[in-house]
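To start, the structure under review is shown below, and the notes come after it.
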Amino acid sequence: MKLGVFTVLFAEKSFEEMLDTVKAAGLHAVEIGTGGYPGNKHCDLDGLLENEDARNEYLNKVQERDLMISAFSCHGNPISPDGNFAKESQETLLKTIKLASLMNVPVVNCFSGTAGDHEGAKYPNWPVTAWPNEYSDVLKWQWEEKLIPYWKEVGEYAKDHNVKIGLELHGGFLVHTPYTLLKLREETCDAIGANLDPSHLWWQGIDPVAAIKILAKENAIHHFHAKDTYIDQDNVNMYGLTDMQPYGEVRTRAWTFRSVGCGHSLQEWSDMMSALRTYGYDYVISIEHEDPIMSIDEGFSRAVTNLKSVLIEQPVSNMWWV
C-alpha cells in the first residue's frame, strides 16, 4: 500500500508547493480535486484537456518528486433537481474521466448524487425511513428514474475510458452503504465501486472492517479515504446519529470528523489495513483532513504519523516458516 493525501487541504499552496509538502511528509501519492465541492485549486481541468504539453509538464512535476496521482476527485450532485448544479456536476465528471484516461489515472472519485422527490422538485430529498410509505415510493422513483439510468450511462463511459468510479459512501446521497453501492453496481457495471471512507461508516453504525470484507470480496473498493470520526454518546442520546447541527458545534454534536487515531484506536485502524491487504486492496490510503479542532498542519501530521505506524507497505513475502 502507499500513503497519500487528498490535497484540497493545501488549497492555499501553489501546485508545486503542495507537492513539496507532500514529498517532505514522506508520502507517495496525491489525490487531486478537479471541481465540484472540493474545488479545482491544483487542476486546470479545461487547460489540461486541451494541451498535451501541459499534461506532460503537470505529470513531470508529480513524478520528479517520486509521487503518483491516485485519483482525480469531483464530488458534486449530477442528479440534483437544481438543473444548473446537475449540469455543472455532470460536465465536470465527464471531463474528469476523460482527463484521467489521458493521464493514466485509474480512479475518479465522486458522489452518487441525490434526486428530488418528483420531476418538479426544487431540492434533493434523502429518504431514510421506510414508513410512512411515501418515503419508500420516493426512494423507488429516485433509483429507477434517476440514479440507475444516470450511472448506467456514465459507468459505461468510464469503462470505455479505462477509468474506475469511486463513489464515496456518504450520508445525504443515495449510495451511502455497502448495500446501496453493490445494488447500483449490479444494476450498472463493475466500473462502479467505492471510495471507502470509514468516517462515514462509523456514524451510520457500520463496522468498517466488515464493510471492507463485504465490498472487497466483490472487487468493489477502488480507492480509500483515511478520516476518523469521534462519536459522543451523551450527545447521541440527545440528538441521535442523524444530528443536523452545524459541524462547528463540536461540543454538542453527536459525532465529529477527526484526524486518524483521534476518534478510534490505532488497533482499529491496523485491523482495517490488514483487512484491506487480506481481501485484495493494495492501493493508496488517501488522508482526508476535516478535523474541526486541529490546524491543517497538525491534523495532517497526526494522520501521517498514525497511519505510518499501521500501514502495510511491502509486498507479501513467502511463508518461509511453513
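Labels used: A, B, ... for chains in the order of the C-alpha cells, numbers from 1 for residues in each chain, and numbers from 1 for ligands as shown.
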
Determine, using only C-alpha atoms, which residues of range 254-296 of chain A have any atom at most 8 Å from an atom of range 308-313 of chain A, and tabulate each with its shortest atom pair and distance in Å to one decimal place, rows ordered by chain and then rising number, as a tab-separated table.
```
residue	atom	partner	partner_atom	distance
A:Leu266	CA	A:Val310	CA	7.4
A:Trp269	CA	A:Val310	CA	7.0
A:Ser270	CA	A:Val310	CA	5.1
A:Met273	CA	A:Leu311	CA	6.2
A:Ser274	CA	A:Ile312	CA	7.5
A:Arg277	CA	A:Ile312	CA	7.7
```

Any idea what's packed within 7 Å of range 202-215 of chain A, counting only C-alpha atoms, ignoring anything in its chain fewer than 2 positions away? Could you give it as a PyMOL selection string? chain A and resi 178+198-200+217-221+229+241+255+271-272+275-276+279

With a distance cut-off of 6 Å and only C-alpha atoms, select the neighbouring residues of Ile287 in chain A, excluding the residue or stretch itself and same-chain residues fewer than 4 positions from it, and output the selection as a tab-separated table (two decimals) with N, CA and C atoms, in the first residue's frame.
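Final output, around07.tsv:
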```tsv
chain	number	residue	atom	x	y	z
A	5	VAL	N	-2.57	11.70	0.10
A	5	VAL	CA	-3.41	12.73	0.72
A	5	VAL	C	-4.31	13.36	-0.34
A	6	PHE	N	-5.53	13.67	0.08
A	6	PHE	CA	-6.46	14.44	-0.74
A	6	PHE	C	-6.04	15.90	-0.58
A	225	HIS	N	-10.30	6.48	1.57
A	225	HIS	CA	-10.04	7.72	2.30
A	225	HIS	C	-9.76	7.42	3.76
A	226	ALA	N	-8.76	8.08	4.33
A	226	ALA	CA	-8.42	7.90	5.73
A	226	ALA	C	-8.87	9.11	6.53
```

If you run DSSP on the backbone here, which positions in range 17-233 of chain A get helix (DSSP H, G or I)? Please write them as a ChimeraX atom specification. /A:17-24,45-50,52-63,83-102,133-160,178-187,198-202,208-216,233

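Using only C-alpha atoms, the smallest distance between any of A:Thr92, A:Asn306, A:Asn109, A:Thr242 and His223 in chain A comes from A:Asn109.
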
Please indicate the distance in Å from CA of Gly36 in chain A to CA of Glu91 in chain A, rounded to one decimal place. 10.1 Å

Who sits within 8 Å of range 100-106 of chain A, only C-alpha atoms, same chain under 6 positions skipped, as a PyMOL selection string: chain A and resi 55+59+69-72+161-164

A straight line from CA of Ala216 in chain A to CA of Tyr281 in chain A spans 7.1 Å

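Of the listed residues A:Glu52, A:Glu186, A:Glu64, A:Asp46, the one whose atoms come nearest to Asp20 in chain A is A:Glu64, with distances taken using only C-alpha atoms.
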
Kindly give the distance, in Å, that separates CA of Leu196 in chain A and CA of Thr256 in chain A, rounded to a single decimal. 17.8 Å
